[in-house]
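Dropping entry00.csv in here (CSV, C-alpha atoms):
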```csv
chain,number,residue,atom,x,y,z
A,1,MET,CA,37.0,61.1,127.6
A,2,GLU,CA,38.3,62.4,124.3
A,3,LYS,CA,39.6,59.9,121.8
A,4,ASP,CA,43.4,60.2,121.4
A,5,LEU,CA,43.7,62.3,124.5
A,6,GLY,CA,47.4,61.4,124.8
A,7,LYS,CA,48.1,62.7,121.2
A,8,LYS,CA,46.2,65.9,121.9
A,9,ILE,CA,48.1,66.5,125.0
A,10,LEU,CA,51.3,65.9,123.1
A,11,GLN,CA,50.4,68.6,120.6
A,12,LEU,CA,49.5,71.1,123.3
A,13,VAL,CA,52.8,70.6,125.3
A,14,GLY,CA,54.8,71.6,122.2
A,15,GLY,CA,55.3,68.2,120.7
A,16,GLU,CA,57.7,65.4,121.4
A,17,ALA,CA,60.8,67.6,121.1
A,18,ASN,CA,59.7,69.7,124.0
A,19,ILE,CA,59.4,66.8,126.4
A,20,SER,CA,62.5,65.8,128.4
A,21,ALA,CA,60.8,63.3,130.7
A,22,ILE,CA,57.4,61.7,131.1
A,23,THR,CA,56.0,59.3,133.7
A,24,HIS,CA,52.7,58.9,135.6
A,25,CYS,CA,51.3,58.1,139.0
A,26,ALA,CA,47.9,56.8,139.8
A,27,THR,CA,46.0,59.8,138.6
A,28,ARG,CA,48.5,62.2,136.8
A,29,LEU,CA,50.8,62.4,133.8
A,30,ARG,CA,54.0,64.0,135.0
A,31,MET,CA,56.2,65.7,132.5
A,32,SER,CA,59.3,67.9,132.3
A,33,PHE,CA,59.9,70.2,129.4
A,34,GLN,CA,62.7,71.8,127.4
A,35,ASP,CA,60.7,75.0,127.2
A,36,LYS,CA,57.6,75.5,129.5
A,37,LYS,CA,56.5,78.5,127.3
A,38,LYS,CA,55.6,76.1,124.5
A,39,VAL,CA,52.9,74.5,126.7
A,40,ASN,CA,49.3,75.5,126.0
A,41,GLU,CA,47.9,75.1,129.5
A,42,ALA,CA,44.5,76.6,128.7
A,43,GLY,CA,44.1,74.2,125.8
A,44,ILE,CA,45.1,71.2,127.9
A,45,LYS,CA,42.6,72.2,130.6
A,46,GLN,CA,39.8,72.3,128.0
A,47,LEU,CA,40.3,68.7,126.9
A,48,ASP,CA,37.6,66.2,127.8
A,49,GLY,CA,39.2,63.8,130.3
A,50,VAL,CA,41.6,66.4,131.8
A,51,LEU,CA,40.5,67.3,135.4
A,52,GLY,CA,43.2,70.0,135.8
A,53,THR,CA,46.9,70.8,135.7
A,54,MET,CA,49.5,71.9,138.2
A,55,GLU,CA,53.2,72.3,138.6
A,56,LYS,CA,55.0,70.7,141.5
A,57,GLY,CA,58.6,69.7,142.2
A,58,GLY,CA,59.7,71.0,138.7
A,59,GLN,CA,57.2,68.8,137.0
A,60,TYR,CA,54.1,69.7,135.0
A,61,GLN,CA,51.2,67.4,136.0
A,62,VAL,CA,48.1,66.8,134.0
A,63,ILE,CA,45.4,65.4,136.3
A,64,ILE,CA,43.4,62.7,134.5
A,65,GLY,CA,42.2,60.3,137.1
A,66,PRO,CA,42.1,56.5,136.9
A,67,ALA,CA,42.4,56.4,133.1
A,68,VAL,CA,45.9,57.9,133.3
A,69,ASP,CA,47.6,54.7,132.4
A,70,GLN,CA,45.8,54.4,129.1
A,71,VAL,CA,46.5,58.0,128.2
A,72,TYR,CA,50.2,57.5,129.2
A,73,GLN,CA,50.4,54.4,127.0
A,74,ASP,CA,48.9,56.2,124.1
A,75,LEU,CA,51.3,59.1,124.6
A,76,ILE,CA,54.5,57.1,124.8
A,77,HIS,CA,53.6,55.0,121.8
A,78,ALA,CA,53.3,58.2,119.8
A,79,THR,CA,56.8,59.4,120.9
A,80,ARG,CA,60.4,58.2,121.2
A,81,PHE,CA,59.6,57.4,124.8
A,82,GLU,CA,57.9,54.2,123.6
A,83,SER,CA,60.1,52.1,125.9
A,84,GLY,CA,59.0,54.1,128.9
A,85,ILE,CA,62.6,55.4,129.4
A,86,ASN,CA,63.0,59.1,129.8
A,87,GLU,CA,65.8,61.3,128.5
A,88,GLU,CA,67.2,61.8,131.9
A,89,GLU,CA,67.7,58.0,132.3
A,90,THR,CA,69.4,57.7,129.0
A,91,LYS,CA,71.9,60.3,130.1
A,92,GLY,CA,72.7,58.3,133.2
A,93,LYS,CA,70.7,60.4,135.5
A,94,LYS,CA,67.9,58.9,137.5
A,95,ASN,CA,64.6,60.7,137.8
A,96,ILE,CA,63.4,60.4,141.4
A,97,ILE,CA,59.9,59.4,140.2
A,98,THR,CA,61.2,56.4,138.2
A,99,LEU,CA,63.3,55.2,141.1
A,100,PHE,CA,60.0,54.4,142.9
```
Can you turn what I pasted into structure tokens?
Amino acid sequence: MEKDLGKKILQLVGGEANISAITHCATRLRMSFQDKKKVNEAGIKQLDGVLGTMEKGGQYQVIIGPAVDQVYQDLIHATRFESGINEEETKGKKNIITLF
């Protein structure tokens, strides 16, 4: 797996300002964006440690596998999401993923 994979993904999704929410499940980073056109999907798929990408339920998912928690931790520590709270929660809206 690439060193600093979370930071590299951050750059390829258009930076921190383009992310409106981020979370993860057992194998995938799950993100929502301000502008999906800023996401370099081909670049993300080429990263060592990324198994693929997909969109589902309005979320962009980066498939990483069991190392996803470490990548997530690296990513949120490099952003304003350091606390793990996404923008939707700070506006009083609950993201269905975070409710689980």
Practice problem: Measuring atom to atom with all atoms listed in the file, identify which of A:Ala26, A:Ile76, A:Val71, A:Leu51 is nearest to Asp4 (chain A). | Solution: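 Answer, going by the shortest atom-to-atom distance: A:Val71.
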Quiz item: For the point (55.0, 58.8, 131.5) in file coordinates, what residues are within 9 Å, counting all atoms listed in the file? Give the answer as a ChimeraX atom specification?
Solution: /A:21-25,29-31,69,72-73,75-76,81,84-86
Exercise. Calculate how many Å separate CA of Gly58 (chain A) from CA of Met1 (chain A), rounding to one decimal.
Key: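 Straight-line distance from CA of Gly58 (chain A) to CA of Met1 (chain A) works out to 27.1 Å.
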Quiz item: Which residues, written as a ChimeraX atom specification, have at least one atom at most 9 Å from region 40-50 of chain A, with all atoms listed in the file counted and residues fewer than 5 positions away on the same chain left out?
Solution: /A:1-3,5,8-9,11-14,62-65,67
Quiz item: Could you state the separation of CA of Glu16 (chain A) and CA of Pro66 (chain A) in Å, given to one decimal place?
Solution: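 Here the two named atoms are 23.7 Å from each other.
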Quiz item: When you draw a straight line from CA of Thr53 (chain A) to CA of His77 (chain A), how long is it in Å?
Solution: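 Between CA of Thr53 (chain A) and CA of His77 (chain A) the gap is 22.1 Å.
Using all atoms listed in the file, the smallest distance between any of A:Gly15, A:Gly52, A:Gly57, A:Gly6 and Asp35 (chain A) comes from A:Gly15.
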Quiz item: So which one's closest to Lys56 (chain A), A:Asn18, A:Ser32, A:Thr79, A:Thr27? Using all atoms listed in the file, please.
Solution: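 Of the candidates, the smallest distance to Lys56 (chain A) is held by A:Ser32.
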